[in-house]
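This is input-v4.cif (mmCIF, C-alpha atoms).
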```
data_work
#
loop_
_atom_site.label_atom_id
_atom_site.label_comp_id
_atom_site.auth_asym_id
_atom_site.auth_seq_id
_atom_site.Cartn_x
_atom_site.Cartn_y
_atom_site.Cartn_z
CA ASP A 1 -23.76 -61.99 -331.55
CA PRO A 2 -26.94 -64.05 -332.14
CA SER A 3 -25.26 -67.33 -331.17
CA GLN A 4 -24.10 -65.90 -327.83
CA LEU A 5 -27.56 -64.45 -327.28
CA LYS A 6 -29.05 -67.92 -327.75
CA VAL A 7 -26.60 -69.28 -325.16
CA VAL A 8 -27.72 -66.64 -322.65
CA GLU A 9 -31.39 -67.36 -323.37
CA ASP A 10 -30.88 -71.09 -322.85
CA LEU A 11 -28.96 -70.55 -319.62
CA ALA A 12 -31.64 -68.15 -318.34
CA GLN A 13 -34.35 -70.67 -319.17
CA THR A 14 -32.44 -73.34 -317.25
CA LEU A 15 -31.79 -71.05 -314.29
CA TYR A 16 -35.45 -70.15 -313.77
CA THR A 17 -37.30 -73.27 -314.90
CA SER A 18 -35.11 -76.39 -314.62
CA ALA A 19 -35.90 -78.97 -311.95
CA ASP A 20 -32.25 -80.10 -312.06
CA THR A 21 -30.38 -78.38 -309.23
CA ALA A 22 -26.95 -79.03 -310.73
CA ALA A 23 -28.05 -77.57 -314.07
CA ARG A 24 -29.47 -74.49 -312.35
CA ASN A 25 -26.27 -73.96 -310.37
CA ASP A 26 -24.17 -74.30 -313.52
CA ALA A 27 -26.39 -71.83 -315.38
CA GLN A 28 -26.21 -69.35 -312.52
CA SER A 29 -22.42 -69.63 -312.35
CA ARG A 30 -22.06 -68.96 -316.07
CA LEU A 31 -24.52 -66.07 -316.09
CA LEU A 32 -22.76 -64.40 -313.16
CA SER A 33 -19.97 -63.54 -315.61
CA LEU A 34 -22.27 -60.74 -316.80
CA GLN A 35 -21.95 -59.13 -313.37
CA THR A 36 -18.18 -59.17 -312.90
CA SER A 37 -17.10 -56.16 -314.95
CA SER A 38 -18.57 -52.87 -316.13
CA SER A 39 -17.47 -53.91 -319.63
CA SER A 40 -20.49 -56.23 -319.64
CA ILE A 41 -22.93 -53.32 -319.83
CA PRO A 42 -23.05 -53.25 -323.67
CA THR A 43 -23.76 -57.00 -323.60
CA CYS A 44 -26.66 -56.48 -321.22
CA GLN A 45 -28.02 -53.68 -323.40
CA TYR A 46 -27.72 -55.92 -326.46
CA ILE A 47 -29.78 -58.59 -324.69
CA LEU A 48 -32.47 -56.06 -323.81
CA GLU A 49 -32.62 -54.76 -327.37
CA SER A 50 -32.37 -58.07 -329.21
CA SER A 51 -34.11 -60.72 -327.11
CA SER A 52 -37.80 -61.38 -326.52
CA HIS A 53 -37.00 -64.15 -324.03
CA GLN A 54 -38.43 -63.09 -320.67
CA TYR A 55 -35.84 -64.79 -318.49
CA ALA A 56 -32.96 -63.45 -320.59
CA LEU A 57 -34.40 -59.95 -320.18
CA LEU A 58 -34.59 -60.53 -316.43
CA VAL A 59 -30.96 -61.69 -316.33
CA ALA A 60 -29.87 -58.59 -318.26
CA SER A 61 -31.88 -56.29 -315.97
CA ASN A 62 -30.54 -57.91 -312.80
CA SER A 63 -27.00 -57.79 -314.14
CA LEU A 64 -27.23 -54.11 -315.03
CA THR A 65 -28.46 -53.26 -311.53
CA ARG A 66 -25.67 -55.27 -309.90
CA LEU A 67 -23.01 -53.75 -312.19
CA ILE A 68 -24.13 -50.19 -311.51
CA THR A 69 -24.28 -50.76 -307.76
CA THR A 70 -20.95 -52.56 -307.33
CA HIS A 71 -18.94 -50.67 -309.96
CA TRP A 72 -20.42 -47.21 -309.38
CA ASN A 73 -17.06 -45.46 -309.26
CA SER A 74 -16.06 -46.96 -312.62
CA PHE A 75 -18.55 -44.71 -314.40
CA SER A 76 -18.31 -41.01 -315.16
CA THR A 77 -21.20 -38.71 -314.32
CA ASP A 78 -22.19 -38.58 -318.00
CA GLN A 79 -22.12 -42.38 -318.30
CA ARG A 80 -24.40 -42.74 -315.29
CA VAL A 81 -26.91 -40.29 -316.76
CA GLN A 82 -26.70 -42.01 -320.16
CA ILE A 83 -27.40 -45.44 -318.67
CA ARG A 84 -30.33 -44.11 -316.65
CA ASN A 85 -31.79 -42.37 -319.71
CA TYR A 86 -31.26 -45.52 -321.77
CA VAL A 87 -33.32 -47.55 -319.30
CA LEU A 88 -36.05 -44.90 -319.10
CA THR A 89 -36.27 -44.84 -322.90
CA TYR A 90 -36.37 -48.64 -322.98
CA LEU A 91 -39.27 -48.62 -320.51
CA ALA A 92 -41.06 -45.95 -322.54
CA ASN A 93 -40.67 -48.00 -325.71
CA ASN A 94 -41.81 -51.20 -323.99
CA PRO A 95 -44.67 -50.19 -321.68
CA THR A 96 -46.23 -53.67 -321.62
CA LEU A 97 -43.17 -55.59 -320.43
CA PRO A 98 -43.93 -58.36 -317.91
CA HIS A 99 -44.11 -56.82 -314.45
CA PHE A 100 -41.12 -58.73 -313.06
CA ILE A 101 -38.87 -57.37 -315.82
CA SER A 102 -40.07 -53.76 -315.75
CA GLN A 103 -39.82 -53.79 -311.94
CA GLN A 104 -36.15 -54.70 -312.05
CA LEU A 105 -35.51 -51.93 -314.59
CA ILE A 106 -37.39 -49.49 -312.35
CA VAL A 107 -35.12 -50.50 -309.46
CA LEU A 108 -32.15 -49.77 -311.71
CA VAL A 109 -33.42 -46.28 -312.65
CA CYS A 110 -34.11 -45.46 -309.00
CA ARG A 111 -30.75 -46.84 -307.83
CA ILE A 112 -28.83 -44.72 -310.35
CA THR A 113 -30.91 -41.67 -309.45
CA LYS A 114 -30.25 -42.12 -305.74
CA LEU A 115 -26.54 -42.83 -306.01
CA GLY A 116 -26.05 -39.98 -308.47
CA TRP A 117 -28.37 -37.52 -306.73
CA PHE A 118 -25.67 -34.92 -306.11
CA ASP A 119 -23.67 -35.69 -309.28
CA SER A 120 -26.04 -34.22 -311.82
CA GLU A 121 -29.12 -32.03 -311.81
CA GLU A 122 -30.68 -34.48 -314.28
CA HIS A 123 -31.02 -37.03 -311.48
CA ARG A 124 -32.75 -34.49 -309.28
CA LYS A 125 -35.20 -33.73 -312.09
CA LEU A 126 -36.46 -37.29 -312.49
CA THR A 127 -39.86 -36.43 -311.00
CA GLU A 128 -40.38 -33.77 -313.65
CA GLU A 129 -39.15 -36.10 -316.41
CA LEU A 130 -41.72 -38.70 -315.40
CA THR A 131 -44.54 -36.31 -316.33
CA LYS A 132 -43.89 -37.45 -319.93
CA PHE A 133 -45.05 -40.91 -318.85
CA LEU A 134 -48.00 -39.55 -316.93
CA VAL A 135 -49.52 -37.71 -319.90
CA ALA A 136 -49.02 -40.54 -322.39
CA SER A 137 -50.98 -43.81 -322.53
CA GLY A 138 -52.55 -45.51 -319.54
CA GLU A 139 -49.74 -48.10 -319.54
CA HIS A 140 -47.15 -45.31 -319.52
CA CYS A 141 -48.94 -43.56 -316.66
CA VAL A 142 -48.81 -46.77 -314.63
CA LEU A 143 -45.08 -47.04 -315.33
CA GLY A 144 -44.51 -43.43 -314.28
CA LEU A 145 -46.32 -44.00 -310.99
CA ARG A 146 -44.38 -47.21 -310.40
CA VAL A 147 -41.08 -45.37 -310.93
CA LEU A 148 -42.15 -42.68 -308.46
CA ASN A 149 -43.11 -45.37 -305.96
CA GLY A 150 -39.76 -47.04 -306.50
CA LEU A 151 -37.85 -43.80 -306.06
CA VAL A 152 -39.58 -42.88 -302.78
CA GLU A 153 -38.84 -46.39 -301.52
CA GLU A 154 -35.23 -46.45 -302.80
CA VAL A 155 -34.13 -43.19 -301.19
CA ASN A 156 -35.22 -44.52 -297.81
CA ILE A 157 -33.17 -47.73 -298.08
CA PRO A 158 -29.41 -47.63 -297.29
CA THR A 159 -27.19 -49.06 -300.02
CA ASN A 160 -24.15 -51.22 -299.33
CA GLY A 161 -20.96 -49.24 -299.79
CA ARG A 162 -22.55 -45.91 -298.87
CA THR A 163 -22.19 -44.37 -295.44
CA LEU A 164 -25.23 -43.61 -293.31
CA THR A 165 -24.34 -39.92 -293.59
CA GLN A 166 -24.46 -40.11 -297.40
CA HIS A 167 -27.77 -41.95 -297.21
CA ARG A 168 -29.33 -39.36 -294.89
CA LYS A 169 -28.03 -36.45 -296.95
CA THR A 170 -29.66 -37.84 -300.10
CA ALA A 171 -32.91 -38.70 -298.31
CA VAL A 172 -33.22 -35.19 -296.86
CA SER A 173 -32.47 -33.54 -300.19
CA PHE A 174 -35.05 -35.74 -301.94
CA ARG A 175 -37.61 -34.92 -299.27
CA ASP A 176 -37.03 -31.18 -299.71
CA GLN A 177 -36.94 -31.18 -303.52
CA SER A 178 -39.16 -33.97 -304.78
CA LEU A 179 -41.36 -35.56 -302.14
CA LEU A 180 -44.13 -32.96 -302.30
CA LYS A 181 -44.16 -33.11 -306.11
CA SER A 182 -44.49 -36.88 -305.95
CA PHE A 183 -47.36 -36.61 -303.49
CA GLN A 184 -49.12 -34.04 -305.68
CA ILE A 185 -48.83 -36.33 -308.70
CA GLY A 186 -50.55 -39.08 -306.72
CA VAL A 187 -53.35 -36.72 -305.65
CA THR A 188 -53.80 -35.38 -309.20
CA THR A 189 -54.01 -38.86 -310.66
CA LEU A 190 -56.63 -39.94 -308.13
CA THR A 191 -58.62 -36.77 -308.84
CA GLN A 192 -58.53 -37.51 -312.56
CA LEU A 193 -59.62 -41.09 -311.95
CA ARG A 194 -62.52 -39.96 -309.79
CA SER A 195 -63.71 -37.54 -312.47
CA ASN A 196 -63.36 -40.24 -315.16
CA SER A 197 -61.00 -38.03 -317.16
CA ILE A 198 -58.57 -40.91 -317.79
CA GLN A 199 -59.80 -43.20 -320.55
CA SER A 200 -58.25 -46.66 -320.22
CA PRO A 201 -59.33 -50.29 -319.85
CA PRO A 202 -60.61 -51.27 -316.38
CA GLN A 203 -57.45 -53.21 -315.48
CA ILE A 204 -55.30 -50.15 -316.24
CA LEU A 205 -57.57 -47.89 -314.19
CA GLU A 206 -57.26 -50.35 -311.31
CA GLN A 207 -53.46 -50.28 -311.54
CA LEU A 208 -53.49 -46.48 -311.66
CA THR A 209 -55.65 -46.33 -308.54
CA LEU A 210 -53.49 -48.83 -306.65
CA ASN A 211 -50.19 -47.17 -307.59
CA SER A 212 -51.52 -43.69 -306.81
CA LEU A 213 -52.71 -44.76 -303.36
CA THR A 214 -49.45 -46.60 -302.68
CA LEU A 215 -47.50 -43.49 -303.68
CA LEU A 216 -49.51 -41.29 -301.29
CA VAL A 217 -48.91 -43.69 -298.41
CA ARG A 218 -45.17 -43.88 -299.16
CA CYS A 219 -44.88 -40.10 -299.26
CA LEU A 220 -46.50 -39.62 -295.84
#
```
Here is a file; write its structure as structure tokens.
Amino acid sequence: DPSQLKVVEDLAQTLYTSADTAARNDAQSRLLSLQTSSSSIPTCQYILESSSHQYALLVASNSLTRLITTHWNSFSTDQRVQIRNYVLTYLANNPTLPHFISQQLIVLVCRITKLGWFDSEEHRKLTEELTKFLVASGEHCVLGLRVLNGLVEEVNIPTNGRTLTQHRKTAVSFRDQSLLKSFQIGVTTLTQLRSNSIQSPPQILEQLTLNSLTLLVRCL
């Protein structure tokens, strides 16, 4: 609904830019309704697809991550995979999103992948799926490396509601199945950069170098 979308955009603008504390608190309270039930997921997706308002996109991204984390058991295995693939496709279709929005969506992809690691083989194949990003444009390659960085970081951070045993089991499985592949991707990208085989603007090449080096350090 366009009128409801405008309400969300106005509230998001108030939340992140208003100097009025009472107005910010009111906006936050009203926007939190997007995080109370898994039934809000279609609304968040509608915001992502229909709005160009940066703060509204951030609200939708944050809400999706919170919904998935707190209502994990409300989703079937197929629904979890579908939501993850939806976000990956959204990132692929919008490679130049502002960093603070794409970063929240990357957190969401990595959170779903970690929590669903043993639910579906598709989650365990994320590293291979990201090769589609790595062989596309320079912006897509940066995104792919950022997702890999996020995944290596995410699997090493315990999540509320999950036991330490579950966390360790996932971390060990990721280490055995995907960590070496992630490291090799970082090495390959740096090798390509050194040989000047990646043709992109200087700022993209700088981001590729930084994200590749960060990935190597995280994998060690």
Checklist entry - So which one's closest to Cys219 in chain A, A:Thr159, A:Ser195, A:Thr170, A:Asn149? Using all atoms listed in the file, please. => result A:Asn149
Item to check | Distance query range 20-35 of chain A at most 8 Å, all atoms listed in the file, self and fewer than 5 positions along chain excluded, as an MDAnalysis selection string | outcome: chainID A and resid 8 11:12 14:15 40 43:44 59 63:64 66:67
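If you measure from each of A:Leu134, A:Val147, A:Ala92, A:Asn73 to Gly116 in chain A using all atoms listed in the file, the closest one turns out to be A:Asn73.
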Next on the checklist: the PyMOL selection byres ((chain A and resi 108) around 9) - which residues does that actually catch in the file I just gave you? List them as a PyMOL selection string.
Outcome noted: chain A and resi 61-62+64-66+68-69+84+87+103-107+109-113
On this structure, which residues satisfy the PyMOL selection byres ((chain A and resi 123) around 10), written as an mmCIF file with C-alpha atoms, keeping the file's coordinate frame?
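Contents of the output file out37.cif:
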```cif
data_model
loop_
_atom_site.group_PDB
_atom_site.id
_atom_site.type_symbol
_atom_site.label_atom_id
_atom_site.label_comp_id
_atom_site.auth_asym_id
_atom_site.auth_seq_id
_atom_site.Cartn_x
_atom_site.Cartn_y
_atom_site.Cartn_z
ATOM 1 C CA ARG A 80 -24.400 -42.740 -315.290
ATOM 2 C CA VAL A 81 -26.910 -40.290 -316.760
ATOM 3 C CA ARG A 84 -30.330 -44.110 -316.650
ATOM 4 C CA ASN A 85 -31.790 -42.370 -319.710
ATOM 5 C CA VAL A 109 -33.420 -46.280 -312.650
ATOM 6 C CA CYS A 110 -34.110 -45.460 -309.000
ATOM 7 C CA ILE A 112 -28.830 -44.720 -310.350
ATOM 8 C CA THR A 113 -30.910 -41.670 -309.450
ATOM 9 C CA LYS A 114 -30.250 -42.120 -305.740
ATOM 10 C CA LEU A 115 -26.540 -42.830 -306.010
ATOM 11 C CA GLY A 116 -26.050 -39.980 -308.470
ATOM 12 C CA TRP A 117 -28.370 -37.520 -306.730
ATOM 13 C CA PHE A 118 -25.670 -34.920 -306.110
ATOM 14 C CA ASP A 119 -23.670 -35.690 -309.280
ATOM 15 C CA SER A 120 -26.040 -34.220 -311.820
ATOM 16 C CA GLU A 121 -29.120 -32.030 -311.810
ATOM 17 C CA GLU A 122 -30.680 -34.480 -314.280
ATOM 18 C CA ARG A 124 -32.750 -34.490 -309.280
ATOM 19 C CA LYS A 125 -35.200 -33.730 -312.090
ATOM 20 C CA LEU A 126 -36.460 -37.290 -312.490
ATOM 21 C CA THR A 127 -39.860 -36.430 -311.000
ATOM 22 C CA GLU A 129 -39.150 -36.100 -316.410
#
```
Item to check | Å distance separating CA of Val187 in chain A from CA of Thr209 in chain A, one decimal place | outcome: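 Rounded to one decimal, the two atoms are 10.3 Å apart.
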Next on the checklist: Translate the PyMOL selection byres ((chain A and resi 135) around 12) into a concrete residue list for this structure, as a list of chain:residue names.
Outcome noted: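 Going through the file, the PyMOL selection byres ((chain A and resi 135) around 12) ends up selecting A:Glu128, A:Glu129, A:Leu130, A:Thr131, A:Lys132, A:Phe133, A:Leu134, A:Ala136, A:Ser137, A:Gly138, A:Glu139, A:His140, A:Cys141, A:Val142, A:Leu143, A:Gly144, A:Leu145, A:Ile185, A:Thr188, A:Thr189, A:Gln192, A:Ser197, A:Ile198, A:Gln199.
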Checklist entry - Restricting the calculation to only C-alpha atoms, which member of A:Thr89, A:Ser178, A:Thr36, A:Gln207 is positioned closest to Glu49 in chain A? => result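 Distance minimum relative to Glu49 in chain A lands on A:Thr89.
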Next on the checklist: At a cut-off of 12 Å, using all atoms listed in the file, what residues contact Lys6 in chain A? Leave out same-chain residues fewer than 2 positions from it and give the result as a list in words.
Outcome noted: Asp1, Pro2, Ser3, Gln4, Val8, Glu9, Asp10, Leu11, Ala12, Gln13, Ile47, Ser50, Ser51, Ser52, His53, Tyr55 and Ala56 of chain A
Checklist entry - Do you know which residues are at most 9 Å from Ser102 in chain A counting all atoms listed in the file, after dropping those on the same chain fewer than 6 positions away, and could you put them as a VMD selection string? => result chain A and resid 58 61 91 94 to 96 143
Could you please take those selected residues and save C-alpha atoms as a PDB file, in the frame of the given file?
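To be explicit, this is the file written out as selection.pdb:
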```pdb
ATOM      1  CA  LEU A  58     -34.590 -60.530-316.430  1.00  0.00           C
ATOM      2  CA  SER A  61     -31.880 -56.290-315.970  1.00  0.00           C
ATOM      3  CA  LEU A  91     -39.270 -48.620-320.510  1.00  0.00           C
ATOM      4  CA  ASN A  94     -41.810 -51.200-323.990  1.00  0.00           C
ATOM      5  CA  PRO A  95     -44.670 -50.190-321.680  1.00  0.00           C
ATOM      6  CA  THR A  96     -46.230 -53.670-321.620  1.00  0.00           C
ATOM      7  CA  LEU A 143     -45.080 -47.040-315.330  1.00  0.00           C
TER       8      LEU A 143
END
```
As a CSV table (one decimal), keeping the file's coordinate frame, please: range 201-219 of chain A completed to N, CA, C and O atoms.
```
chain,number,residue,atom,x,y,z
A,201,PRO,N,-58.6,-49.1,-320.2
A,201,PRO,CA,-59.3,-50.3,-319.8
A,201,PRO,C,-59.4,-50.4,-318.3
A,201,PRO,O,-58.6,-49.9,-317.6
A,202,PRO,N,-60.4,-51.1,-317.8
A,202,PRO,CA,-60.6,-51.3,-316.4
A,202,PRO,C,-59.4,-51.7,-315.6
A,202,PRO,O,-59.1,-51.2,-314.5
A,203,GLN,N,-58.6,-52.7,-316.2
A,203,GLN,CA,-57.4,-53.2,-315.5
A,203,GLN,C,-56.4,-52.1,-315.3
A,203,GLN,O,-55.6,-52.1,-314.3
A,204,ILE,N,-56.3,-51.2,-316.3
A,204,ILE,CA,-55.3,-50.2,-316.2
A,204,ILE,C,-55.8,-49.1,-315.2
A,204,ILE,O,-54.9,-48.6,-314.4
A,205,LEU,N,-57.0,-48.8,-315.2
A,205,LEU,CA,-57.6,-47.9,-314.2
A,205,LEU,C,-57.4,-48.4,-312.8
A,205,LEU,O,-57.0,-47.7,-311.8
A,206,GLU,N,-57.5,-49.7,-312.6
A,206,GLU,CA,-57.3,-50.4,-311.3
A,206,GLU,C,-55.8,-50.2,-310.9
A,206,GLU,O,-55.5,-49.9,-309.7
A,207,GLN,N,-54.9,-50.4,-311.8
A,207,GLN,CA,-53.5,-50.3,-311.5
A,207,GLN,C,-53.1,-48.8,-311.2
A,207,GLN,O,-52.3,-48.6,-310.3
A,208,LEU,N,-53.7,-47.9,-311.9
A,208,LEU,CA,-53.5,-46.5,-311.7
A,208,LEU,C,-53.9,-46.1,-310.3
A,208,LEU,O,-53.3,-45.4,-309.5
A,209,THR,N,-55.1,-46.6,-309.9
A,209,THR,CA,-55.6,-46.3,-308.5
A,209,THR,C,-54.7,-46.9,-307.5
A,209,THR,O,-54.4,-46.2,-306.5
A,210,LEU,N,-54.3,-48.2,-307.6
A,210,LEU,CA,-53.5,-48.8,-306.6
A,210,LEU,C,-52.1,-48.1,-306.5
A,210,LEU,O,-51.7,-47.8,-305.4
A,211,ASN,N,-51.5,-47.8,-307.7
A,211,ASN,CA,-50.2,-47.2,-307.6
A,211,ASN,C,-50.3,-45.7,-307.1
A,211,ASN,O,-49.3,-45.3,-306.4
A,212,SER,N,-51.4,-45.0,-307.3
A,212,SER,CA,-51.5,-43.7,-306.8
A,212,SER,C,-51.7,-43.7,-305.3
A,212,SER,O,-51.0,-43.0,-304.6
A,213,LEU,N,-52.5,-44.6,-304.8
A,213,LEU,CA,-52.7,-44.8,-303.4
A,213,LEU,C,-51.4,-45.2,-302.7
A,213,LEU,O,-51.1,-44.7,-301.6
A,214,THR,N,-50.7,-46.1,-303.3
A,214,THR,CA,-49.4,-46.6,-302.7
A,214,THR,C,-48.4,-45.5,-302.6
A,214,THR,O,-47.7,-45.3,-301.6
A,215,LEU,N,-48.4,-44.6,-303.7
A,215,LEU,CA,-47.5,-43.5,-303.7
A,215,LEU,C,-47.8,-42.5,-302.5
A,215,LEU,O,-46.9,-42.0,-301.9
A,216,LEU,N,-49.1,-42.2,-302.4
A,216,LEU,CA,-49.5,-41.3,-301.3
A,216,LEU,C,-49.1,-41.8,-299.9
A,216,LEU,O,-48.5,-41.1,-299.1
A,217,VAL,N,-49.3,-43.1,-299.7
A,217,VAL,CA,-48.9,-43.7,-298.4
A,217,VAL,C,-47.4,-43.6,-298.2
A,217,VAL,O,-46.9,-43.3,-297.1
A,218,ARG,N,-46.6,-43.9,-299.3
A,218,ARG,CA,-45.2,-43.9,-299.2
A,218,ARG,C,-44.7,-42.5,-298.9
A,218,ARG,O,-43.6,-42.3,-298.3
A,219,CYS,N,-45.3,-41.5,-299.4
A,219,CYS,CA,-44.9,-40.1,-299.3
A,219,CYS,C,-45.2,-39.6,-297.9
A,219,CYS,O,-44.5,-38.6,-297.4
```
